[in-house]
Structures are given as structure tokens and as C-alpha cells.
$ cat entry-v1.csv   # CSV, C-alpha atoms
chain,number,residue,atom,x,y,z
A,1374,MET,CA,297.5,74.8,112.9
A,1375,LYS,CA,299.7,71.8,112.5
A,1376,ALA,CA,302.5,73.2,114.7
A,1377,LEU,CA,301.5,71.7,118.0
A,1378,LEU,CA,300.7,68.3,116.5
A,1379,GLN,CA,304.1,68.3,114.7
A,1380,ASN,CA,305.9,68.7,118.0
A,1381,ILE,CA,304.7,65.6,119.7
A,1382,PRO,CA,304.8,61.9,118.9
A,1383,PHE,CA,301.6,60.0,118.0
A,1384,SER,CA,301.2,56.4,119.2
A,1385,VAL,CA,298.5,53.7,119.1
A,1386,LEU,CA,296.7,51.8,121.8
A,1387,ASP,CA,295.0,48.6,120.6
A,1388,LEU,CA,292.5,46.5,122.6
A,1389,VAL,CA,292.6,43.7,119.9
A,1390,PRO,CA,288.8,44.0,119.3
A,1391,VAL,CA,286.8,41.0,117.9
A,1392,ILE,CA,284.7,42.1,115.0
A,1393,GLN,CA,281.1,40.7,115.0
A,1394,GLY,CA,281.0,37.7,112.7
A,1395,SER,CA,284.8,37.3,112.6
A,1396,SER,CA,287.2,35.1,114.5
A,1397,HIS,CA,289.7,35.6,117.4
A,1398,LYS,CA,292.6,34.9,115.1
A,1399,LYS,CA,291.4,37.5,112.6
A,1400,ALA,CA,291.3,40.0,115.4
A,1401,MET,CA,294.9,39.4,116.2
A,1402,GLU,CA,295.9,39.5,112.5
A,1403,ASN,CA,294.0,42.8,112.2
A,1404,SER,CA,296.0,44.2,115.1
A,1405,LEU,CA,299.3,43.1,113.6
A,1406,ALA,CA,298.3,44.8,110.3
A,1407,LEU,CA,297.5,48.0,112.2
A,1408,ALA,CA,300.9,47.9,113.9
A,1409,GLN,CA,302.7,47.3,110.7
A,1410,GLN,CA,300.9,50.3,109.1
A,1411,ALA,CA,301.6,52.4,112.2
A,1412,GLU,CA,305.3,51.7,111.8
A,1413,LYS,CA,305.3,52.7,108.2
A,1414,LEU,CA,303.5,56.0,109.0
A,1415,GLY,CA,305.9,56.9,111.8
A,1416,TYR,CA,303.9,56.3,114.9
A,1417,LYS,CA,306.2,56.0,117.9
A,1418,ARG,CA,304.7,53.0,119.8
A,1419,PHE,CA,302.0,50.4,119.6
A,1420,TRP,CA,300.6,49.4,122.9
A,1421,ILE,CA,298.2,46.5,123.7
A,1422,SER,CA,296.0,46.6,126.8
A,1423,GLU,CA,295.2,43.7,129.1
A,1424,HIS,CA,291.5,42.6,129.4
A,1425,HIS,CA,289.9,39.4,130.6
A,1426,ASN,CA,286.6,37.6,130.2
A,1427,ALA,CA,285.5,40.0,127.4
A,1428,GLU,CA,284.0,38.4,124.3
A,1429,SER,CA,284.7,41.7,122.5
A,1430,LEU,CA,288.5,41.7,123.2
A,1431,VAL,CA,291.2,39.1,122.9
A,1432,SER,CA,294.1,40.8,124.6
A,1433,SER,CA,294.2,38.7,127.7
A,1434,ALA,CA,297.6,37.1,127.1
A,1435,THR,CA,299.2,40.6,126.5
A,1436,PRO,CA,302.9,39.6,126.5
A,1437,LEU,CA,302.3,36.9,123.8
A,1438,LEU,CA,300.6,39.5,121.6
A,1439,ILE,CA,303.4,42.0,122.2
A,1440,GLY,CA,305.8,39.3,121.0
A,1441,TYR,CA,303.7,38.5,118.0
A,1442,VAL,CA,303.7,42.2,117.0
A,1443,ALA,CA,307.4,42.8,117.8
A,1444,GLU,CA,308.4,39.7,115.8
A,1445,ASN,CA,306.6,41.0,112.7
A,1446,THR,CA,307.7,44.7,112.9
A,1447,LYS,CA,311.1,46.2,112.9
A,1448,THR,CA,311.4,49.6,114.5
A,1449,ILE,CA,308.2,50.7,116.3
A,1450,ARG,CA,308.2,50.4,120.1
A,1451,VAL,CA,305.8,47.7,121.3
A,1452,GLY,CA,304.4,47.3,124.8
A,1453,SER,CA,301.6,47.1,127.2
A,1454,GLY,CA,299.0,49.7,127.8
A,1455,GLY,CA,299.0,48.2,130.2
A,1456,VAL,CA,299.7,45.1,132.2
A,1457,MET,CA,297.3,45.1,135.1
A,1458,LEU,CA,299.9,44.5,137.8
A,1459,PRO,CA,297.6,43.4,140.6
A,1460,ASN,CA,296.7,40.4,138.5
A,1461,HIS,CA,300.3,39.2,138.4
A,1462,ALA,CA,303.3,38.5,140.6
A,1463,PRO,CA,306.0,41.2,139.8
A,1464,LEU,CA,308.6,38.5,139.2
A,1465,ILE,CA,306.5,36.8,136.5
A,1466,VAL,CA,306.0,40.2,134.8
A,1467,ALA,CA,309.7,40.9,135.0
A,1468,GLU,CA,310.6,37.5,133.5
A,1469,GLN,CA,308.1,37.9,130.7
A,1470,PHE,CA,309.1,41.4,129.7
A,1471,GLY,CA,312.8,40.6,130.3
A,1472,THR,CA,312.3,37.8,127.7
A,1473,LEU,CA,310.7,40.3,125.3
A,1474,ALA,CA,313.4,42.9,125.9
A,1475,THR,CA,316.1,40.3,125.2
A,1476,LEU,CA,314.5,39.2,122.0
A,1477,TYR,CA,313.6,42.8,120.8
A,1478,PRO,CA,316.2,45.1,122.4
A,1479,ASP,CA,315.3,48.8,122.9
A,1480,ARG,CA,311.8,48.3,121.6
A,1481,ILE,CA,309.8,47.0,124.6
A,1482,ASP,CA,307.7,49.2,126.9
A,1483,LEU,CA,306.1,48.1,130.1
A,1484,GLY,CA,303.0,50.1,130.9
A,1485,LEU,CA,301.4,49.3,134.3
A,1486,GLY,CA,297.9,49.7,135.5
A,1487,ARG,CA,296.2,49.3,138.9
A,1488,ALA,CA,292.7,48.2,137.8
A,1489,PRO,CA,291.9,44.5,137.1
A,1490,GLY,CA,290.9,44.9,133.5
A,1491,THR,CA,287.8,42.9,134.0
A,1492,ASP,CA,284.9,42.3,136.4
A,1493,GLN,CA,285.4,41.5,140.1
A,1494,VAL,CA,284.5,37.8,139.7
A,1495,THR,CA,287.1,37.3,137.0
A,1496,ALA,CA,289.6,39.4,139.0
A,1497,ARG,CA,289.2,37.0,141.9
A,1498,ALA,CA,289.8,34.1,139.6
A,1499,LEU,CA,293.0,35.8,138.4
A,1500,ARG,CA,294.3,36.8,141.8
A,1501,ARG,CA,293.1,33.7,143.6
A,1502,GLU,CA,293.1,34.5,147.3
A,1503,ARG,CA,295.0,37.8,147.2
A,1504,ILE,CA,293.2,40.8,148.5
A,1505,GLU,CA,294.8,44.1,147.3
A,1506,THR,CA,295.6,46.9,149.8
A,1507,VAL,CA,296.3,50.5,149.0
A,1508,ASN,CA,300.1,49.9,149.4
A,1509,ASP,CA,300.3,46.8,147.2
A,1510,PHE,CA,300.5,48.6,143.8
A,1511,PRO,CA,303.3,51.1,144.8
A,1512,ASN,CA,305.2,48.2,146.4
A,1513,ASP,CA,304.7,46.0,143.4
A,1514,VAL,CA,305.9,48.7,141.0
A,1515,GLN,CA,309.1,49.2,143.0
A,1516,GLU,CA,309.7,45.4,143.3
A,1517,LEU,CA,309.3,45.1,139.5
A,1518,SER,CA,311.7,47.9,138.9
A,1519,ASN,CA,314.2,46.3,141.2
A,1520,TYR,CA,314.1,43.0,139.2
A,1521,PHE,CA,315.2,45.0,136.1
A,1522,SER,CA,318.1,46.7,137.8
A,1523,LYS,CA,321.7,45.6,137.8
A,1524,SER,CA,321.8,46.1,141.6
A,1525,ASN,CA,319.5,43.1,142.1
A,1526,SER,CA,322.2,40.7,141.0
A,1527,HIS,CA,322.9,39.7,144.6
A,1528,SER,CA,319.3,39.2,145.6
A,1529,PRO,CA,318.1,35.7,146.5
A,1530,VAL,CA,315.2,36.3,143.9
A,1531,ARG,CA,316.3,37.4,140.4
A,1532,ALA,CA,314.5,37.9,137.1
A,1533,ILE,CA,316.4,35.9,134.5
A,1534,PRO,CA,316.2,37.1,131.7
A,1535,GLY,CA,315.4,40.7,132.7
A,1536,GLU,CA,318.0,41.6,135.2
A,1537,GLY,CA,320.0,44.6,134.2
A,1538,LEU,CA,317.9,45.4,131.1
A,1539,GLU,CA,316.2,48.5,132.7
A,1540,VAL,CA,313.0,47.9,130.8
A,1541,PRO,CA,311.2,51.3,130.8
A,1542,LEU,CA,308.2,51.5,133.0
A,1543,TYR,CA,305.1,53.7,132.4
A,1544,LEU,CA,302.3,54.2,134.9
A,1545,LEU,CA,298.8,54.3,133.5
A,1546,GLY,CA,295.8,55.7,135.3
A,1547,SER,CA,292.3,57.1,135.2
A,1548,SER,CA,292.4,58.8,138.6
A,1549,THR,CA,294.9,60.9,140.6
A,1550,PHE,CA,296.4,57.9,142.5
A,1551,SER,CA,298.8,56.7,139.8
A,1552,ALA,CA,299.5,60.3,138.8
A,1553,GLN,CA,301.0,61.1,142.2
A,1554,LEU,CA,302.8,57.8,142.3
A,1555,ALA,CA,304.3,58.2,138.8
A,1556,GLY,CA,305.5,61.7,139.8
A,1557,ALA,CA,307.1,60.4,143.1
A,1558,LEU,CA,308.8,57.6,141.3
A,1559,GLY,CA,310.0,59.7,138.4
A,1560,LEU,CA,308.2,57.6,135.7
A,1561,PRO,CA,306.3,58.6,132.6
A,1562,TYR,CA,302.5,58.9,133.1
A,1563,ALA,CA,299.7,58.1,130.7
A,1564,PHE,CA,296.1,59.1,131.4
A,1565,ALA,CA,293.1,57.0,130.2
A,1566,SER,CA,291.1,59.9,128.9
A,1567,HIS,CA,289.6,57.8,126.2
A,1568,PHE,CA,287.1,56.3,128.6
A,1569,ALA,CA,287.6,58.2,132.0
A,1570,PRO,CA,288.0,61.9,131.2
A,1571,THR,CA,286.9,63.3,134.6
A,1572,HIS,CA,290.2,63.6,136.4
A,1573,LEU,CA,292.5,64.3,133.4
A,1574,HIS,CA,293.6,67.8,134.3
A,1575,ASP,CA,293.8,67.2,138.1
A,1576,ALA,CA,296.0,64.1,137.4
A,1577,LEU,CA,298.3,65.9,135.1
A,1578,ARG,CA,298.7,68.8,137.6
A,1579,LEU,CA,299.4,66.4,140.4
A,1580,TYR,CA,301.9,64.5,138.4
A,1581,HIS,CA,303.9,67.6,137.5
A,1582,SER,CA,303.8,68.9,141.1
A,1583,ASN,CA,304.9,65.6,142.6
A,1584,PHE,CA,307.6,64.8,140.0
A,1585,GLU,CA,311.0,63.8,141.3
A,1586,PRO,CA,313.8,63.0,138.7
A,1587,SER,CA,314.8,59.4,138.5
A,1588,LYS,CA,317.4,57.2,136.7
A,1589,GLN,CA,314.8,56.6,134.0
A,1590,LEU,CA,313.4,60.1,133.6
A,1591,GLN,CA,314.9,63.5,134.4
A,1592,LYS,CA,311.8,65.6,133.7
A,1593,PRO,CA,308.1,64.9,133.6
A,1594,TYR,CA,306.7,63.1,130.6
A,1595,THR,CA,302.9,62.9,130.1
A,1596,MET,CA,300.7,61.0,127.6
A,1597,ALA,CA,297.0,61.0,127.1
A,1598,CYS,CA,294.9,58.5,125.3
A,1599,VAL,CA,292.0,59.7,123.1
A,1600,ASN,CA,289.4,58.1,120.8
A,1601,VAL,CA,289.8,58.9,117.1
A,1602,VAL,CA,287.7,58.3,114.0
A,1603,VAL,CA,288.9,60.2,110.9
A,1604,ALA,CA,287.4,59.9,107.5
A,1605,ASP,CA,287.0,61.9,104.3
A,1606,THR,CA,284.0,63.8,105.6
A,1607,ASP,CA,282.6,64.6,109.0
A,1608,GLU,CA,279.4,62.6,108.1
A,1609,ASP,CA,281.4,59.5,107.2
A,1610,ALA,CA,283.4,59.7,110.5
A,1611,GLU,CA,280.2,60.2,112.5
A,1612,TYR,CA,278.7,57.1,110.9
A,1613,LEU,CA,281.8,55.0,111.6
A,1614,SER,CA,281.8,56.3,115.2
A,1615,THR,CA,278.5,54.6,116.0
A,1616,SER,CA,280.4,51.3,116.4
A,1617,MET,CA,282.4,53.0,119.2
A,1618,LYS,CA,279.2,54.2,120.8
A,1619,LEU,CA,277.8,50.6,120.6
A,1620,PHE,CA,281.0,49.4,122.1
A,1621,MET,CA,280.7,51.8,125.0
A,1622,LEU,CA,277.1,50.9,125.4
A,1623,ASN,CA,278.1,47.2,125.8
A,1624,VAL,CA,280.6,48.3,128.4
A,1625,ILE,CA,278.1,50.1,130.6
A,1626,ARG,CA,275.6,47.3,130.1
A,1627,ASN,CA,278.2,44.6,130.8
A,1628,THR,CA,277.1,42.7,127.7
A,1629,ARG,CA,280.6,42.3,126.2
A,1630,LYS,CA,279.5,41.8,122.6
A,1631,PRO,CA,282.0,41.8,119.7
A,1632,LEU,CA,282.4,45.1,117.9
A,1633,GLN,CA,279.2,45.8,115.9
A,1634,PRO,CA,278.8,47.4,112.5
A,1635,PRO,CA,277.9,51.1,112.3
A,1636,VAL,CA,274.3,52.2,112.3
A,1637,LYS,CA,272.6,55.2,110.7
A,1638,SER,CA,271.3,56.4,114.0
A,1639,MET,CA,271.6,55.5,117.7
A,1640,ASP,CA,268.0,56.4,118.3
A,1641,GLY,CA,266.1,53.6,120.0
A,1642,LEU,CA,269.4,51.7,120.7
A,1643,TRP,CA,270.1,53.6,124.0
A,1644,ASN,CA,268.1,55.5,126.5
A,1645,SER,CA,268.7,59.1,127.5
A,1646,LEU,CA,270.7,58.2,130.6
A,1647,GLU,CA,272.9,55.8,128.6
A,1648,GLU,CA,273.4,58.5,126.0
A,1649,ALA,CA,274.5,61.0,128.6
A,1650,HIS,CA,276.8,58.5,130.3
A,1651,ILE,CA,278.5,57.6,127.0
A,1652,SER,CA,278.7,61.2,126.0
A,1653,GLN,CA,280.6,61.9,129.2
A,1654,MET,CA,282.9,58.9,128.8
A,1655,MET,CA,283.7,59.9,125.2
A,1656,GLN,CA,284.4,63.5,126.0
A,1657,TYR,CA,287.9,63.2,124.5
A,1658,SER,CA,286.8,61.6,121.2
A,1659,PHE,CA,288.0,63.3,118.0
A,1660,VAL,CA,285.6,62.4,115.1
A,1661,GLY,CA,285.5,64.0,111.7
A,1662,SER,CA,287.5,64.9,108.6
A,1663,THR,CA,291.2,65.7,108.9
A,1664,GLU,CA,290.4,69.4,109.1
A,1665,THR,CA,287.9,68.9,111.9
A,1666,VAL,CA,290.1,66.6,113.9
A,1667,GLN,CA,293.2,68.7,113.4
A,1668,LYS,CA,291.5,71.7,114.9
A,1669,LYS,CA,290.1,69.8,117.9
A,1670,LEU,CA,293.3,67.9,118.6
A,1671,ASN,CA,295.4,71.0,118.5
A,1672,ALA,CA,293.1,72.5,121.1
A,1673,PHE,CA,293.5,69.4,123.2
A,1674,VAL,CA,297.3,69.4,123.1
A,1675,ALA,CA,297.4,73.1,123.8
A,1676,GLU,CA,295.1,72.6,126.8
A,1677,THR,CA,296.8,69.6,128.3
A,1678,ARG,CA,300.4,70.3,127.2
A,1679,ILE,CA,301.0,66.6,126.9
A,1680,ASP,CA,304.3,65.2,125.5
A,1681,GLU,CA,302.7,62.4,123.5
A,1682,LEU,CA,299.3,61.5,122.1
A,1683,ILE,CA,298.1,58.0,122.3
A,1684,THR,CA,295.2,57.1,120.0
A,1685,VAL,CA,292.6,54.3,119.9
A,1686,ALA,CA,290.0,53.6,117.2
A,1687,HIS,CA,287.0,51.4,117.7
A,1688,ILE,CA,286.0,51.0,114.0
A,1689,TYR,CA,284.2,48.0,112.6
A,1690,ASP,CA,285.7,47.9,109.1
A,1691,GLN,CA,289.4,47.1,109.1
A,1692,GLN,CA,290.1,49.2,106.1
A,1693,ALA,CA,288.3,52.2,107.6
A,1694,ARG,CA,290.4,51.7,110.8
A,1695,LEU,CA,293.6,51.7,108.8
A,1696,LYS,CA,292.5,54.8,106.9
A,1697,THR,CA,291.8,56.6,110.2
A,1698,PHE,CA,295.4,56.2,111.3
A,1699,GLU,CA,296.7,57.1,107.8
A,1700,LEU,CA,294.7,60.3,107.8
A,1701,LEU,CA,295.7,61.0,111.4
A,1702,ALA,CA,299.4,60.7,110.5
A,1703,GLN,CA,298.9,63.4,107.8
A,1704,LEU,CA,298.1,65.9,110.5
A,1705,LYS,CA,301.8,65.9,111.4
A,1706,LYS,CA,303.1,66.7,107.8
$ encode --input "entry-v1.csv" --output "C-alpha cells"
Amino acid sequence: MKALLQNIPFSVLDLVPVIQGSSHKKAMENSLALAQQAEKLGYKRFWISEHHNAESLVSSATPLLIGYVAENTKTIRVGSGGVMLPNHAPLIVAEQFGTLATLYPDRIDLGLGRAPGTDQVTARALRRERIETVNDFPNDVQELSNYFSKSNSHSPVRAIPGEGLEVPLYLLGSSTFSAQLAGALGLPYAFASHFAPTHLHDALRLYHSNFEPSKQLQKPYTMACVNVVVADTDEDAEYLSTSMKLFMLNVIRNTRKPLQPPVKSMDGLWNSLEEAHISQMMQYSFVGSTETVQKKLNAFVAETRIDELITVAHIYDQQARLKTFELLAQLKK
């Protein structure tokens, strides 16, 4: 049963969650500890996502955190999962990631998303007077790619550092839009099935059918992100996973609380509509013992035929979170 899992890399997505009763600095230190453990366990990459105005997450200055992790690790690839490109001028992103790629050569990934990573009021504060159109994201991705190319050296606007470094780009999405764009541009594609599972299969199909080889990528490369909670027993994992359910509940209620401790039961904490909504959001969550998770993950990989599995764990206790990724790594041995 391990065969499928042995054939694809495992990676980590981290939102840099703030634990209830703890500090912002501790959240960042916990993320670094997770990255260092992931490196020792053989995970391929450690990505950090951009979020703003969320009391529960401190990943707003994503490039700074990527630098913090890269400086304190040695081999694991570190990058964004992703930078929400509409929030930033492509030149600024090129300069930031050009700097990172100069300091940490051949280790920096630039994952790009089209969503704001926050609420609309905060998005307006980030973007000032800019109003995004349907063509802005594709144009911005191509502008950003040009800044990293050697051929941009005669342009009146250049990314220094960054020019000529060919920092690898990845498109992230939760709908079919970015899937088609990633295929057309010949870029790797990562689907956010950890919170938006609905269009996973349609997006993967459209990506493959629209794929055109590029300088960066000669054949399609797909990634999918899933929630994981692995423990010694199914019961222990189900208990730990209630923190993830509470996290999702705060997302749909827009209450943005720090990550809460697990509870014995969710009864009385959500209503039936919220439970159904969260159950749908968490469709691709793999919770249980190593045996349980192995069986379910193998089925997921066989069904999607992805090239890489990205995993995220919303677990209150840091040691339990580290253990989840340790047990998960054992599925490949």
C-alpha cells in the first residue's frame, strides 16, 4: 500500500498559526521548528501562505518569514504558498524573491495566488485604489516572470537582484481559472483542496488539457494540498482534529480567533449548517492512525494522480503537530 506514496514527494504548507494563550513570536518559532523537522524527515519543500488582518495567523510578511526559515535550514526548499499577487506590484515581488534567491540559491520557490488572502476591506487597504480586472493576474504573472529572465536586461525597468535568476513560479488556485492559466503558461499547478475541494478534479483536468511546455517545465506537474492529523490511534487523531474544526468554524464566522485547544466533542459548538459547511470544506482531510491515513492518502493519490502532496496541520499542541509530520513521513518508508 505504500507504493503510491513512495513515488511522490511530500511537502508542508504552514500558515504560521497563533496558539491561544501564546505569542506571535512563539508562532514564528514553532513554524521554524516544524521546517527544521521537515528537512530532517526528507520533506521536499516548506511553503508559507500570505494572510492579512487575521488574529489567528502571522504570515502577513511572507518574504521575511521565508528568509527566517531559509536562514535556519540547509537543504529544504522554502517558498510562498503563496504570495497573493494582486496585493503587490510585480516588481516588488521580483525584488524580494530575487533577494531571497540570491541569499539562498536554488532553494526558493515563488507560489502565486489570485485571492487577496483577507477580507475585502483589508484588501482595499493593501491595494489602495487599484481595482483588479480579469486580465490583471495573467498579465502580472507574465510581468513577474519577465523580471526574472535574462532577456529583461535591456528593459527600462529591471529587478535587481532577481534578473536572470529564473526563480521558479507555481500557480495556486481553488477554482479552474488558475488551472487553465498555469497550463497555458507551462507552470506547475497547486490546488487548495485543503479548504476548497469542489473543483479539484475539474481543475486538474483543465490544467492537463491546456498544458503547453515552457522553459521552466516540459510536462505537467500537479500538487494538491490536504489537511492531515496523524496520531497513535484514530481516537487520538480525531480528538486533535477538533482544533482544525474550530479553526474552520472561526473562518466561516469571520471571528479570526487564535488556534484553540481540542475539545472532547463539537456538539453545541456549531449548528447543523456550520457542521455541514465545514464537513464539505474538509473533504480532503486525512485524520487517524498511520494505517488509516495511509489507506486514505493512497486512494487520494491514485484518484488525482498528483505529482506532489502538500500537507497542512492545524494542531494546537506543537509536539503533537511535529509528531503528525513524523508519522506521515513514515508512510514513505
$ atom_distance --input "entry-v1.csv" --atom1 "atom CA of A:Asn1644" --atom2 "atom CA of A:Asp1609"
23.8 Å
$ residues_near_point --input "entry-v1.csv" --point "(292.9, 49.7, 108.8)" --cutoff "10 Å" --atoms "only C-alpha atoms" --output "list of chain:residue names"
A:Asn1403, A:Ser1404, A:Ala1406, A:Leu1407, A:Ala1408, A:Gln1410, A:Ala1411, A:Ala1686, A:Ile1688, A:Tyr1689, A:Asp1690, A:Gln1691, A:Gln1692, A:Ala1693, A:Arg1694, A:Leu1695, A:Lys1696, A:Thr1697, A:Phe1698, A:Glu1699
$ atom_distance --input "entry-v1.csv" --atom1 "atom CA of A:Arg1578" --atom2 "atom CA of A:Asn1508"
22.3 Å
$ residues_around --input "entry-v1.csv" --residues "A:Ala1672" --least-positions-apart "6" --cutoff "10 Å" --atoms "all atoms listed in the file" --output "VMD selection string"
chain A and resid 1374 1377 to 1378 1666 1678
$ closest_residue --input "entry-v1.csv" --among "A:Ala1443, A:Met1457, A:Ile1381, A:Leu1485" --to "A:Ala1563" --atoms "all atoms listed in the file"
A:Leu1485
$ closest_residue --input "entry-v1.csv" --among "A:Pro1631, A:Pro1436, A:Gly1546, A:Gly1559" --to "A:Leu1577" --atoms "only C-alpha atoms"
A:Gly1546
$ atom_distance --input "entry-v1.csv" --atom1 "atom CA of A:Val1514" --atom2 "atom CA of A:Ala1557"
11.9 Å
$ axis_aligned_box --input "entry-v1.csv" --around "stretch 1601-1620 of chain A" --padding-each-side "3 Å" --output "AutoDock Vina command-line options"
--center_x 283.8 --center_y 57.0 --center_z 113.2 --size_x 18.0 --size_y 21.2 --size_z 23.8
$ residues_near_point --input "entry-v1.csv" --point "(311.9, 53.9, 130.4)" --cutoff "12 Å" --atoms "only C-alpha atoms" --output "list in words"
Arg1450, Gly1452, Ala1474, Asp1479, Arg1480, Ile1481, Asp1482, Leu1483, Gly1484, Ser1518, Phe1521, Leu1538, Glu1539, Val1540, Pro1541, Leu1542, Tyr1543, Leu1544, Leu1558, Gly1559, Leu1560, Pro1561, Tyr1562, Ser1587, Lys1588, Gln1589, Leu1590, Gln1591 and Tyr1594 of chain A
$ closest_residue --input "entry-v1.csv" --among "A:Asn1623, A:Ser1548, A:Thr1665, A:Gln1633" --to "A:Val1603" --atoms "all atoms listed in the file"
A:Thr1665
$ residues_around --input "entry-v1.csv" --residues "A:Met1617" --least-positions-apart "2" --cutoff "10 Å" --atoms "all atoms listed in the file" --output "ChimeraX atom specification"
/A:1600-1602,1612-1615,1619-1623,1632-1635,1651,1655,1658,1686-1689
$ closest_residue --input "entry-v1.csv" --among "A:Gly1440, A:Pro1511, A:Pro1459, A:Gly1415" --to "A:Gln1379" --atoms "only C-alpha atoms"
A:Gly1415
$ closest_residue --input "entry-v1.csv" --among "A:Glu1681, A:Glu1444, A:Glu1648, A:Glu1516" --to "A:Tyr1477" --atoms "only C-alpha atoms"
A:Glu1444
$ residues_around --input "entry-v1.csv" --residues "A:Gly1535" --least-positions-apart "6" --cutoff "9 Å" --atoms "all atoms listed in the file" --output "list in words"
Ala1467, Glu1468, Gln1469, Phe1470, Gly1471, Thr1472, Leu1473, Ala1474, Thr1475, Tyr1520, Phe1521 and Ser1522 of chain A
$ closest_residue --input "entry-v1.csv" --among "A:Ala1675, A:Asp1605, A:Ser1432, A:Ala1498" --to "A:Val1660" --atoms "all atoms listed in the file"
A:Asp1605
